[in-house]
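protein.cif (mmCIF, C-alpha atoms and all ligand atoms)
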data_start
loop_
_atom_site.group_PDB
_atom_site.id
_atom_site.type_symbol
_atom_site.label_atom_id
_atom_site.label_comp_id
_atom_site.auth_asym_id
_atom_site.auth_seq_id
_atom_site.Cartn_x
_atom_site.Cartn_y
_atom_site.Cartn_z
ATOM 1 C CA MET T 1 122.255 130.838 86.260
ATOM 2 C CA THR T 2 118.598 130.076 85.553
ATOM 3 C CA GLY T 3 117.508 128.893 82.100
ATOM 4 C CA SER T 4 115.881 132.247 81.312
ATOM 5 C CA ALA T 5 118.965 134.157 82.462
ATOM 6 C CA LEU T 6 121.137 131.976 80.223
ATOM 7 C CA VAL T 7 118.982 132.838 77.193
ATOM 8 C CA ARG T 8 119.017 136.547 78.052
ATOM 9 C CA ALA T 9 122.786 136.440 78.382
ATOM 10 C CA ALA T 10 123.112 134.569 75.069
ATOM 11 C CA LEU T 11 121.059 137.256 73.348
ATOM 12 C CA GLY T 12 123.243 139.936 74.908
ATOM 13 C CA ALA T 13 120.139 141.434 76.503
ATOM 14 C CA ASN T 14 122.301 143.332 78.932
ATOM 15 C CA THR T 15 125.006 144.391 76.526
ATOM 16 C CA ASP T 16 125.394 146.549 73.423
ATOM 17 C CA THR T 17 125.924 143.570 71.069
ATOM 18 C CA ASP T 18 124.471 144.529 67.689
ATOM 19 C CA SER T 19 121.577 142.531 66.249
ATOM 20 C CA PRO T 20 122.150 139.020 67.611
ATOM 21 C CA LEU T 21 120.910 136.252 65.301
ATOM 22 C CA VAL T 22 118.383 133.576 66.306
ATOM 23 C CA VAL T 23 117.839 130.527 64.072
ATOM 24 C CA ASP T 24 114.702 128.348 64.064
ATOM 25 C CA VAL T 25 115.772 125.062 62.447
ATOM 26 C CA GLY T 26 113.082 122.939 60.778
ATOM 27 C CA TYR T 27 110.160 125.342 61.217
ATOM 28 C CA GLY T 28 107.816 123.059 59.291
ATOM 29 C CA ALA T 29 104.900 123.456 56.903
ATOM 30 C CA SER T 30 104.057 126.933 58.194
ATOM 31 C CA PRO T 31 106.503 129.595 59.435
ATOM 32 C CA VAL T 32 104.292 130.316 62.443
ATOM 33 C CA THR T 33 106.798 129.169 65.095
ATOM 34 C CA THR T 34 109.506 131.382 63.602
ATOM 35 C CA VAL T 35 107.194 134.405 63.415
ATOM 36 C CA GLU T 36 106.092 133.881 67.030
ATOM 37 C CA LEU T 37 109.654 133.332 68.209
ATOM 38 C CA ALA T 38 110.690 136.634 66.617
ATOM 39 C CA ALA T 39 107.799 138.509 68.259
ATOM 40 C CA ARG T 40 108.431 137.004 71.711
ATOM 41 C CA LEU T 41 112.192 137.440 71.703
ATOM 42 C CA ARG T 42 111.995 141.070 70.618
ATOM 43 C CA SER T 43 110.572 141.844 74.044
ATOM 44 C CA VAL T 44 113.800 140.383 75.485
ATOM 45 C CA ARG T 45 116.239 141.890 72.973
ATOM 46 C CA ASP T 46 115.322 144.708 70.658
ATOM 47 C CA GLY T 47 116.920 144.553 67.213
ATOM 48 C CA LEU T 48 117.574 140.835 67.048
ATOM 49 C CA ARG T 49 117.363 139.040 63.700
ATOM 50 C CA VAL T 50 115.534 135.744 63.243
ATOM 51 C CA LEU T 51 116.230 133.234 60.468
ATOM 52 C CA GLY T 52 113.999 130.211 59.802
ATOM 53 C CA LEU T 53 115.765 127.292 58.110
ATOM 54 C CA GLU T 54 114.195 124.304 56.372
ATOM 55 C CA LEU T 55 115.534 121.386 54.404
ATOM 56 C CA ASP T 56 112.353 121.316 52.326
ATOM 57 C CA PRO T 57 112.553 123.931 49.515
ATOM 58 C CA ASP T 58 108.743 124.043 49.140
ATOM 59 C CA ARG T 59 108.506 125.063 52.795
ATOM 60 C CA VAL T 60 111.081 127.807 52.278
ATOM 61 C CA ALA T 61 109.042 129.144 49.334
ATOM 62 C CA ALA T 62 105.815 128.923 51.351
ATOM 63 C CA ALA T 63 107.326 131.066 54.143
ATOM 64 C CA ALA T 64 108.401 133.892 51.823
ATOM 65 C CA HIS T 65 105.228 135.912 52.471
ATOM 66 C CA ALA T 66 106.122 136.172 56.179
ATOM 67 C CA ALA T 67 109.678 137.438 55.568
ATOM 68 C CA ASP T 68 110.638 140.945 56.660
ATOM 69 C CA PRO T 69 114.408 141.090 56.080
ATOM 70 C CA PRO T 70 116.736 141.706 57.792
ATOM 71 C CA ARG T 71 114.622 141.307 60.950
ATOM 72 C CA LEU T 72 112.943 138.070 59.862
ATOM 73 C CA ASP T 73 114.007 135.862 56.989
ATOM 74 C CA PHE T 74 113.768 132.284 55.731
ATOM 75 C CA GLY T 75 116.173 130.070 53.860
ATOM 76 C CA ARG T 76 117.286 126.586 53.012
ATOM 77 C CA GLY T 77 119.488 124.862 55.571
ATOM 78 C CA GLY T 78 119.912 122.125 58.118
ATOM 79 C CA PHE T 79 121.908 121.496 61.295
ATOM 80 C CA GLU T 80 124.955 123.236 59.777
ATOM 81 C CA LEU T 81 122.794 126.396 60.052
ATOM 82 C CA ALA T 82 123.578 127.537 56.502
ATOM 83 C CA GLY T 83 126.911 128.870 57.726
ATOM 84 C CA ALA T 84 125.304 131.373 60.139
ATOM 85 C CA ARG T 85 126.761 132.153 63.603
ATOM 86 C CA PRO T 86 123.683 132.508 65.803
ATOM 87 C CA ALA T 87 123.431 133.464 69.458
ATOM 88 C CA LEU T 88 120.437 131.166 69.878
ATOM 89 C CA VAL T 89 119.144 128.139 67.956
ATOM 90 C CA ARG T 90 115.700 126.625 68.373
ATOM 91 C CA ALA T 91 115.201 123.106 66.971
ATOM 92 C CA PHE T 92 111.810 121.769 67.976
ATOM 93 C CA ASN T 93 110.175 118.569 66.775
ATOM 94 C CA VAL T 94 112.965 118.001 64.263
ATOM 95 C CA LEU T 95 115.240 115.363 65.818
ATOM 96 C CA ARG T 96 112.303 113.155 66.696
ATOM 97 C CA GLN T 97 112.249 112.146 63.018
ATOM 98 C CA TYR T 98 115.857 110.930 63.358
ATOM 99 C CA SER T 99 117.368 107.915 65.097
ATOM 100 C CA ALA T 100 118.838 108.270 68.593
ATOM 101 C CA ALA T 101 122.266 107.496 67.092
ATOM 102 C CA GLU T 102 122.064 110.695 65.011
ATOM 103 C CA VAL T 103 121.462 113.050 67.938
ATOM 104 C CA ASP T 104 125.077 113.686 68.972
ATOM 105 C CA ALA T 105 126.140 114.608 65.431
ATOM 106 C CA ALA T 106 123.186 116.993 65.050
ATOM 107 C CA TRP T 107 123.919 118.590 68.431
ATOM 108 C CA SER T 108 127.606 119.002 67.564
ATOM 109 C CA ALA T 109 126.819 120.498 64.148
ATOM 110 C CA MET T 110 124.574 123.131 65.763
ATOM 111 C CA THR T 111 126.665 123.924 68.847
ATOM 112 C CA GLY T 112 129.774 124.118 66.654
ATOM 113 C CA ARG T 113 128.205 127.033 64.771
ATOM 114 C CA LEU T 114 127.279 129.116 67.847
ATOM 115 C CA ALA T 115 128.481 132.640 68.455
ATOM 116 C CA PRO T 116 130.465 133.012 71.708
ATOM 117 C CA GLY T 117 128.137 132.400 74.661
ATOM 118 C CA GLY T 118 125.416 131.040 72.353
ATOM 119 C CA LEU T 119 122.859 128.354 73.134
ATOM 120 C CA VAL T 120 120.897 125.623 71.360
ATOM 121 C CA VAL T 121 117.419 124.704 72.611
ATOM 122 C CA GLU T 122 116.442 121.304 71.202
ATOM 123 C CA GLY T 123 113.262 119.520 72.131
ATOM 124 C CA THR T 124 109.843 118.117 71.470
ATOM 125 C CA CYS T 125 106.301 119.274 72.223
ATOM 126 C CA ASP T 126 102.688 118.394 71.495
ATOM 127 C CA GLU T 127 100.757 120.146 68.736
ATOM 128 C CA LEU T 128 99.591 123.001 70.990
ATOM 129 C CA GLY T 129 102.905 123.389 72.804
ATOM 130 C CA ARG T 130 101.318 122.532 76.141
ATOM 131 C CA ARG T 131 103.549 119.550 76.852
ATOM 132 C CA CYS T 132 107.204 120.238 76.107
ATOM 133 C CA CYS T 133 110.596 118.809 77.007
ATOM 134 C CA TRP T 134 113.856 120.325 75.859
ATOM 135 C CA VAL T 135 117.606 120.298 76.327
ATOM 136 C CA THR T 136 119.609 123.548 76.503
ATOM 137 C CA LEU T 137 123.148 123.212 75.138
ATOM 138 C CA SER T 138 126.164 125.481 74.958
ATOM 139 C CA ALA T 139 129.249 124.938 72.807
ATOM 140 C CA ALA T 140 130.536 122.742 75.656
ATOM 141 C CA GLY T 141 127.532 120.374 75.541
ATOM 142 C CA PRO T 142 124.180 119.913 77.314
ATOM 143 C CA LEU T 143 123.539 122.193 80.315
ATOM 144 C CA LEU T 144 119.893 121.854 81.311
ATOM 145 C CA PHE T 145 116.866 119.615 80.859
ATOM 146 C CA THR T 146 113.500 121.396 81.027
ATOM 147 C CA LEU T 147 109.881 120.271 81.336
ATOM 148 C CA ALA T 148 107.061 122.706 80.521
ATOM 149 C CA CYS T 149 103.336 122.055 80.713
ATOM 150 C CA ARG T 150 99.871 123.261 81.642
ATOM 151 C CA PRO T 151 99.586 121.514 85.016
ATOM 152 C CA ALA T 152 95.768 121.571 84.704
ATOM 153 C CA GLU T 153 96.042 119.107 81.833
ATOM 154 C CA LEU T 154 98.274 116.599 83.606
ATOM 155 C CA ALA T 155 97.116 113.503 85.448
ATOM 156 C CA ARG T 156 100.711 113.199 86.671
ATOM 157 C CA PRO T 157 104.120 114.643 85.628
ATOM 158 C CA SER T 158 105.150 111.432 83.857
ATOM 159 C CA ASP T 159 102.472 112.242 81.237
ATOM 160 C CA LEU T 160 105.227 114.473 79.811
ATOM 161 C CA ALA T 161 107.422 111.463 79.054
ATOM 162 C CA GLU T 162 105.698 110.990 75.690
ATOM 163 C CA ARG T 163 107.277 114.322 74.632
ATOM 164 C CA LEU T 164 110.836 113.560 75.707
ATOM 165 C CA PRO T 165 113.460 114.625 73.167
ATOM 166 C CA LYS T 166 115.065 111.923 71.065
ATOM 167 C CA SER T 167 118.151 111.874 73.305
ATOM 168 C CA LEU T 168 116.010 110.666 76.240
ATOM 169 C CA ILE T 169 112.812 109.069 74.969
ATOM 170 C CA HIS T 170 114.338 105.628 74.535
ATOM 171 C CA ARG T 171 115.989 105.969 77.964
ATOM 172 C CA ASN T 172 112.774 106.139 79.950
ATOM 173 C CA VAL T 173 113.268 102.619 81.317
ATOM 174 C CA PRO T 174 114.182 101.349 84.802
ATOM 175 C CA GLY T 175 117.848 101.952 85.611
ATOM 176 C CA GLU T 176 118.088 105.176 83.602
ATOM 177 C CA PRO T 177 118.189 108.594 85.346
ATOM 178 C CA VAL T 178 115.294 110.089 83.351
ATOM 179 C CA HIS T 179 113.059 107.188 84.450
ATOM 180 C CA ALA T 180 114.068 107.797 88.079
ATOM 181 C CA LEU T 181 113.264 111.499 87.605
ATOM 182 C CA PHE T 182 109.707 110.800 86.429
ATOM 183 C CA GLU T 183 109.200 108.340 89.307
ATOM 184 C CA ALA T 184 110.398 111.001 91.764
ATOM 185 C CA LEU T 185 108.211 113.663 90.129
ATOM 186 C CA ASP T 186 105.122 111.451 90.320
ATOM 187 C CA ARG T 187 105.836 110.763 94.015
ATOM 188 C CA CYS T 188 106.222 114.496 94.713
ATOM 189 C CA TRP T 189 103.019 115.227 92.734
ATOM 190 C CA ALA T 190 101.134 112.693 94.904
ATOM 191 C CA THR T 191 102.577 114.215 98.088
ATOM 192 C CA ALA T 192 101.577 117.676 96.816
ATOM 193 C CA ALA T 193 97.910 116.617 96.399
ATOM 194 C CA PRO T 194 96.803 118.755 99.387
ATOM 195 C CA PHE T 195 97.754 121.820 97.284
ATOM 196 C CA SER T 196 95.130 120.935 94.636
ATOM 197 C CA PRO T 197 92.442 123.203 96.145
ATOM 198 C CA TYR T 198 94.776 126.157 95.368
ATOM 199 C CA GLY T 199 94.891 125.056 91.727
ATOM 200 C CA PRO T 200 97.085 122.812 89.569
ATOM 201 C CA ARG T 201 99.842 125.435 89.288
ATOM 202 C CA ALA T 202 100.180 125.547 93.077
ATOM 203 C CA ARG T 203 100.440 121.762 93.074
ATOM 204 C CA TRP T 204 103.156 121.929 90.367
ATOM 205 C CA VAL T 205 105.112 124.535 92.373
ATOM 206 C CA GLU T 206 104.955 122.338 95.469
ATOM 207 C CA THR T 207 106.025 119.347 93.363
ATOM 208 C CA ALA T 208 109.101 121.271 92.186
ATOM 209 C CA ARG T 209 109.888 122.356 95.754
ATOM 210 C CA LEU T 210 109.624 118.766 97.016
ATOM 211 C CA LEU T 211 111.829 117.516 94.170
ATOM 212 C CA ALA T 212 114.513 120.073 95.040
ATOM 213 C CA ALA T 213 114.188 119.194 98.746
ATOM 214 C CA ALA T 214 114.762 115.543 97.808
ATOM 215 C CA GLY T 215 118.177 116.528 96.416
ATOM 216 C CA TRP T 216 117.495 116.782 92.673
ATOM 217 C CA PRO T 217 119.461 119.637 91.016
ATOM 218 C CA VAL T 218 116.398 121.802 90.317
ATOM 219 C CA ARG T 219 116.983 125.304 88.936
ATOM 220 C CA ASP T 220 115.023 128.522 89.325
ATOM 221 C CA GLY T 221 112.290 129.100 91.887
ATOM 222 C CA ARG T 222 108.585 129.626 92.419
ATOM 223 C CA LYS T 223 108.236 132.398 89.842
ATOM 224 C CA ARG T 224 109.321 130.115 87.014
ATOM 225 C CA TRP T 225 107.663 127.004 88.431
ATOM 226 C CA ARG T 226 104.332 128.923 88.442
ATOM 227 C CA LEU T 227 104.585 128.926 84.635
ATOM 228 C CA GLY T 228 104.456 125.125 84.689
ATOM 229 C CA GLU T 229 108.178 124.931 83.949
ATOM 230 C CA LEU T 230 110.939 123.007 85.664
ATOM 231 C CA SER T 231 114.637 122.909 84.731
ATOM 232 C CA LEU T 232 117.270 120.578 86.139
ATOM 233 C CA ASP T 233 120.973 120.276 85.519
ATOM 234 C CA TRP T 234 121.581 117.923 82.593
ATOM 235 C CA SER T 235 123.626 115.733 84.959
ATOM 236 C CA ALA T 236 120.308 114.665 86.558
ATOM 237 C CA VAL T 237 119.153 112.904 83.381
ATOM 238 C CA ARG T 238 122.371 112.197 81.471
ATOM 239 C CA PRO T 239 121.873 108.679 80.052
ATOM 240 C CA ASN T 240 123.948 105.880 81.559
HETATM 241 C C1 LIG F 1 107.426 118.369 62.565
HETATM 242 S S1 LIG F 1 108.136 119.679 61.659
HETATM 243 C C2 LIG F 1 108.529 120.772 62.980
HETATM 244 C C3 LIG F 1 107.838 122.095 62.880
HETATM 245 C C4 LIG F 1 108.190 123.116 63.930
HETATM 246 N N1 LIG F 1 109.607 123.186 64.248
HETATM 247 C C5 LIG F 1 107.386 122.923 65.179
HETATM 248 O O1 LIG F 1 107.955 122.755 66.253
HETATM 249 O O2 LIG F 1 106.150 122.920 65.121
HETATM 250 C C6 LIG F 1 109.762 119.090 61.262
HETATM 251 C C7 LIG F 1 110.416 119.851 60.133
HETATM 252 O O3 LIG F 1 111.813 119.652 60.213
HETATM 253 C C8 LIG F 1 112.337 119.685 58.895
HETATM 254 N N2 LIG F 1 113.661 119.073 58.961
HETATM 255 C C9 LIG F 1 113.996 117.785 59.146
HETATM 256 N N3 LIG F 1 115.331 117.643 59.242
HETATM 257 C C10 LIG F 1 115.853 118.886 59.134
HETATM 258 C C11 LIG F 1 117.166 119.399 59.167
HETATM 259 N N4 LIG F 1 118.226 118.607 59.344
HETATM 260 N N5 LIG F 1 117.336 120.731 59.011
HETATM 261 C C12 LIG F 1 116.273 121.550 58.817
HETATM 262 N N6 LIG F 1 115.004 121.120 58.788
HETATM 263 C C13 LIG F 1 114.794 119.793 58.946
HETATM 264 C C14 LIG F 1 111.320 118.937 58.071
HETATM 265 O O4 LIG F 1 111.398 119.333 56.717
HETATM 266 C C15 LIG F 1 109.999 119.383 58.738
HETATM 267 O O5 LIG F 1 109.458 120.483 58.062
#
Let me see the file written as structure tokens.
Ligand SMILES: C[S@@+](CC[C@H](N)C(=O)[O-])C[C@H]1O[C@@H](n2cnc3c(N)ncnc32)[C@H](O)[C@@H]1O
Amino acid sequence: MTGSALVRAALGANTDTDSPLVVDVGYGASPVTTVELAARLRSVRDGLRVLGLELDPDRVAAAAHAADPPRLDFGRGGFELAGARPALVRAFNVLRQYSAAEVDAAWSAMTGRLAPGGLVVEGTCDELGRRCCWVTLSAAGPLLFTLACRPAELARPSDLAERLPKSLIHRNVPGEPVHALFEALDRCWATAAPFSPYGPRARWVETARLLAAAGWPVRDGRKRWRLGELSLDWSAVRPN
């Protein structure tokens, strides 16, 4: 299944499941990511509920004006998800404040709270969300690793390495799979240079095609790659 199809399935987009819950963990100083997440996901699944959780009580109080319960609400909580059973968890730019040794426990706490078929999306991005890397996990563990970018703003794909999630950022060294992935991506990007006249997105699509042709377990196809996104099986980057 593609990454998008997995999320749709988790939200029960094709079933009659009532009001699936989505949790945005560690939404930050402003609830803007939670509000946007709710708006975007409603086009995928009508009737879903979104809950923003924060450890910082001042941030919970500051988000109150944006609440619209039961569709959108905010509360105090951490990786234990305040006891909720969500279909989807987003945790962006939270684990980067932690040590690499704390990642597995945080992942387990979140995946252990998932509703059947649920997913956790945990990652890191730049301030504008134009350079992102995330891991998609089910209750069984990590499934996919995804890169997302505006190809026009990249000199080369390895520019994304600065936004690797905590589980991988210290692994971007020779001998580790994620380092080999960025080397392969940069080679494919160089080979795809003749596609530049068609625009940076065309060059990114060709880069993804070349990577898949080289044997990397690339998911999806041109339609998703055109968005500047690229998912691979987690096995491609699982640390040694
Ligand atoms: C950099 S902000 C991230 C904001 C937002 N998620 C984004 O992507 O822009 C990190 C936030 O995570 C919160 N945080 C840290 N550890 C947390 C935890 N275990 N559970 C919930 N929130 C946490 C902090 O209070 C801080 O507000």
Practice item. For each of T:Gly123, T:Pro31, T:Pro217, T:Gly118, take the minimum atom-to-atom distance to Leu164 of chain T, counting only C-alpha atoms, then give the residue where this is smallest. Key: T:Gly123
Study note, to complete from the structure: Counting all atoms listed in the file, closest pick from T:Ala63, T:Val50, T:Leu211, T:Val94 relative to ligand LIG 1 (chain F) is T:Val94
Exercise for review: Apply the PyMOL selection byres (((not hetatm)) within 7 of (chain F and resi 1)) to the structure shown and report the selected residues as a list in words.
Suggested key: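 With the shown file as input, the PyMOL selection byres (((not hetatm)) within 7 of (chain F and resi 1)) matches Val25, Gly26, Tyr27, Gly28, Ala29, Thr33, Leu53, Glu54, Leu55, Asp56, Gly77, Gly78, Phe79, Ala91, Phe92, Asn93, Val94 and Leu95 of chain T.
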Practice item. Taking (127.0, 132.5, 62.1) in the file's own coordinates, collect the residues within 9 Å, counting all atoms listed in the file, and hand them back as an MDAnalysis selection string. Key: chainID T and resid 21 81:87 113:115
Practice item. Run the PyMOL selection byres (((chain T and resi 179) around 12) and not hetatm) mentally over the shown coordinates, then write out the matched residues as a list in words, using the chain letters and numbers from the document. Key: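 Taken over the shown coordinates, the PyMOL selection byres (((chain T and resi 179) around 12) and not hetatm) returns Pro157, Ser158, Leu160, Ala161, Leu164, Leu168, Ile169, His170, Arg171, Asn172, Val173, Pro174, Gly175, Glu176, Pro177, Val178, Ala180, Leu181, Phe182, Glu183, Ala184, Leu185, Asp186, Ala236, Val237, Arg238, Pro239 and Asn240 of chain T.
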Exercise for review: Output the residue selection produced by the PyMOL selection byres (((chain T and resi 37) around 10) and not hetatm) on the file above, formatted as an MDAnalysis selection string.
Suggested key: chainID T and resid 22:24 32:36 38:42 50 52 90
List every residue of segment 57-144 of chain T that has an atom at most 10 Å from any atom of segment 218-230 of chain T, and for each one report the closest atom pair and its distance in Å to one decimal, counting all atoms listed in the file, with rows sorted by chain and then by increasing residue number, as JSON lines.
{"residue": "T:Arg130", "atom": "CA", "partner": "T:Gly228", "partner_atom": "CA", "distance": 9.5}
{"residue": "T:Arg131", "atom": "CA", "partner": "T:Gly228", "partner_atom": "CA", "distance": 9.7}
{"residue": "T:Cys132", "atom": "CA", "partner": "T:Glu229", "partner_atom": "CA", "distance": 9.2}
{"residue": "T:Cys133", "atom": "CA", "partner": "T:Glu229", "partner_atom": "CA", "distance": 9.6}
{"residue": "T:Leu144", "atom": "CA", "partner": "T:Arg219", "partner_atom": "CA", "distance": 8.9}
Where atoms are absent from segment 45-69 of chain T, fill them in so it carries N, CA and C atoms, then output it as a PDB file, keeping the file's coordinate frame.
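Once everything was written out, this is selection29.pdb:
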ATOM      1  N   ARG T  45     115.069 141.258  73.598  1.00  0.00           N
ATOM      2  CA  ARG T  45     116.239 141.890  72.973  1.00  0.00           C
ATOM      3  C   ARG T  45     115.793 142.601  71.703  1.00  0.00           C
ATOM      4  N   ASP T  46     115.702 143.901  71.809  1.00  0.00           N
ATOM      5  CA  ASP T  46     115.322 144.708  70.658  1.00  0.00           C
ATOM      6  C   ASP T  46     116.377 144.542  69.560  1.00  0.00           C
ATOM      7  N   GLY T  47     115.967 144.524  68.321  1.00  0.00           N
ATOM      8  CA  GLY T  47     116.920 144.553  67.213  1.00  0.00           C
ATOM      9  C   GLY T  47     117.459 143.210  66.797  1.00  0.00           C
ATOM     10  N   LEU T  48     117.018 142.132  67.457  1.00  0.00           N
ATOM     11  CA  LEU T  48     117.574 140.835  67.048  1.00  0.00           C
ATOM     12  C   LEU T  48     117.015 140.416  65.687  1.00  0.00           C
ATOM     13  N   ARG T  49     117.775 139.568  65.005  1.00  0.00           N
ATOM     14  CA  ARG T  49     117.363 139.040  63.700  1.00  0.00           C
ATOM     15  C   ARG T  49     117.000 137.571  63.863  1.00  0.00           C
ATOM     16  N   VAL T  50     115.963 137.135  63.155  1.00  0.00           N
ATOM     17  CA  VAL T  50     115.534 135.744  63.243  1.00  0.00           C
ATOM     18  C   VAL T  50     115.547 135.138  61.838  1.00  0.00           C
ATOM     19  N   LEU T  51     116.131 133.943  61.737  1.00  0.00           N
ATOM     20  CA  LEU T  51     116.230 133.234  60.468  1.00  0.00           C
ATOM     21  C   LEU T  51     115.608 131.849  60.622  1.00  0.00           C
ATOM     22  N   GLY T  52     114.593 131.550  59.816  1.00  0.00           N
ATOM     23  CA  GLY T  52     113.999 130.211  59.802  1.00  0.00           C
ATOM     24  C   GLY T  52     114.668 129.373  58.721  1.00  0.00           C
ATOM     25  N   LEU T  53     115.112 128.176  59.084  1.00  0.00           N
ATOM     26  CA  LEU T  53     115.765 127.292  58.110  1.00  0.00           C
ATOM     27  C   LEU T  53     114.954 126.012  57.939  1.00  0.00           C
ATOM     28  N   GLU T  54     114.898 125.542  56.715  1.00  0.00           N
ATOM     29  CA  GLU T  54     114.195 124.304  56.372  1.00  0.00           C
ATOM     30  C   GLU T  54     114.997 123.529  55.337  1.00  0.00           C
ATOM     31  N   LEU T  55     114.928 122.214  55.438  1.00  0.00           N
ATOM     32  CA  LEU T  55     115.534 121.386  54.404  1.00  0.00           C
ATOM     33  C   LEU T  55     114.641 121.350  53.165  1.00  0.00           C
ATOM     34  N   ASP T  56     113.339 121.483  53.398  1.00  0.00           N
ATOM     35  CA  ASP T  56     112.353 121.316  52.326  1.00  0.00           C
ATOM     36  C   ASP T  56     112.181 122.630  51.546  1.00  0.00           C
ATOM     37  N   PRO T  57     112.613 122.675  50.267  1.00  0.00           N
ATOM     38  CA  PRO T  57     112.553 123.931  49.515  1.00  0.00           C
ATOM     39  C   PRO T  57     111.135 124.468  49.343  1.00  0.00           C
ATOM     40  N   ASP T  58     110.134 123.568  49.267  1.00  0.00           N
ATOM     41  CA  ASP T  58     108.743 124.043  49.140  1.00  0.00           C
ATOM     42  C   ASP T  58     108.328 124.817  50.389  1.00  0.00           C
ATOM     43  N   ARG T  59     108.855 124.388  51.541  1.00  0.00           N
ATOM     44  CA  ARG T  59     108.506 125.063  52.795  1.00  0.00           C
ATOM     45  C   ARG T  59     109.205 126.418  52.898  1.00  0.00           C
ATOM     46  N   VAL T  60     110.384 126.510  52.306  1.00  0.00           N
ATOM     47  CA  VAL T  60     111.081 127.807  52.278  1.00  0.00           C
ATOM     48  C   VAL T  60     110.275 128.774  51.397  1.00  0.00           C
ATOM     49  N   ALA T  61     109.824 128.288  50.238  1.00  0.00           N
ATOM     50  CA  ALA T  61     109.042 129.144  49.334  1.00  0.00           C
ATOM     51  C   ALA T  61     107.732 129.561  49.997  1.00  0.00           C
ATOM     52  N   ALA T  62     107.106 128.625  50.727  1.00  0.00           N
ATOM     53  CA  ALA T  62     105.815 128.923  51.351  1.00  0.00           C
ATOM     54  C   ALA T  62     105.932 129.954  52.470  1.00  0.00           C
ATOM     55  N   ALA T  63     107.139 130.115  53.033  1.00  0.00           N
ATOM     56  CA  ALA T  63     107.326 131.066  54.143  1.00  0.00           C
ATOM     57  C   ALA T  63     107.660 132.467  53.645  1.00  0.00           C
ATOM     58  N   ALA T  64     107.896 132.608  52.342  1.00  0.00           N
ATOM     59  CA  ALA T  64     108.401 133.892  51.823  1.00  0.00           C
ATOM     60  C   ALA T  64     107.483 135.065  52.178  1.00  0.00           C
ATOM     61  N   HIS T  65     106.174 134.811  52.206  1.00  0.00           N
ATOM     62  CA  HIS T  65     105.228 135.912  52.471  1.00  0.00           C
ATOM     63  C   HIS T  65     105.406 136.507  53.868  1.00  0.00           C
ATOM     64  N   ALA T  66     105.976 135.701  54.793  1.00  0.00           N
ATOM     65  CA  ALA T  66     106.122 136.172  56.179  1.00  0.00           C
ATOM     66  C   ALA T  66     107.461 136.879  56.405  1.00  0.00           C
ATOM     67  N   ALA T  67     108.337 136.858  55.389  1.00  0.00           N
ATOM     68  CA  ALA T  67     109.678 137.438  55.568  1.00  0.00           C
ATOM     69  C   ALA T  67     109.619 138.957  55.677  1.00  0.00           C
ATOM     70  N   ASP T  68     110.528 139.499  56.464  1.00  0.00           N
ATOM     71  CA  ASP T  68     110.638 140.945  56.660  1.00  0.00           C
ATOM     72  C   ASP T  68     112.124 141.246  56.918  1.00  0.00           C
ATOM     73  N   PRO T  69     112.966 140.997  55.860  1.00  0.00           N
ATOM     74  CA  PRO T  69     114.408 141.090  56.080  1.00  0.00           C
ATOM     75  C   PRO T  69     114.836 142.522  56.392  1.00  0.00           C
TER      76      PRO T  69
END
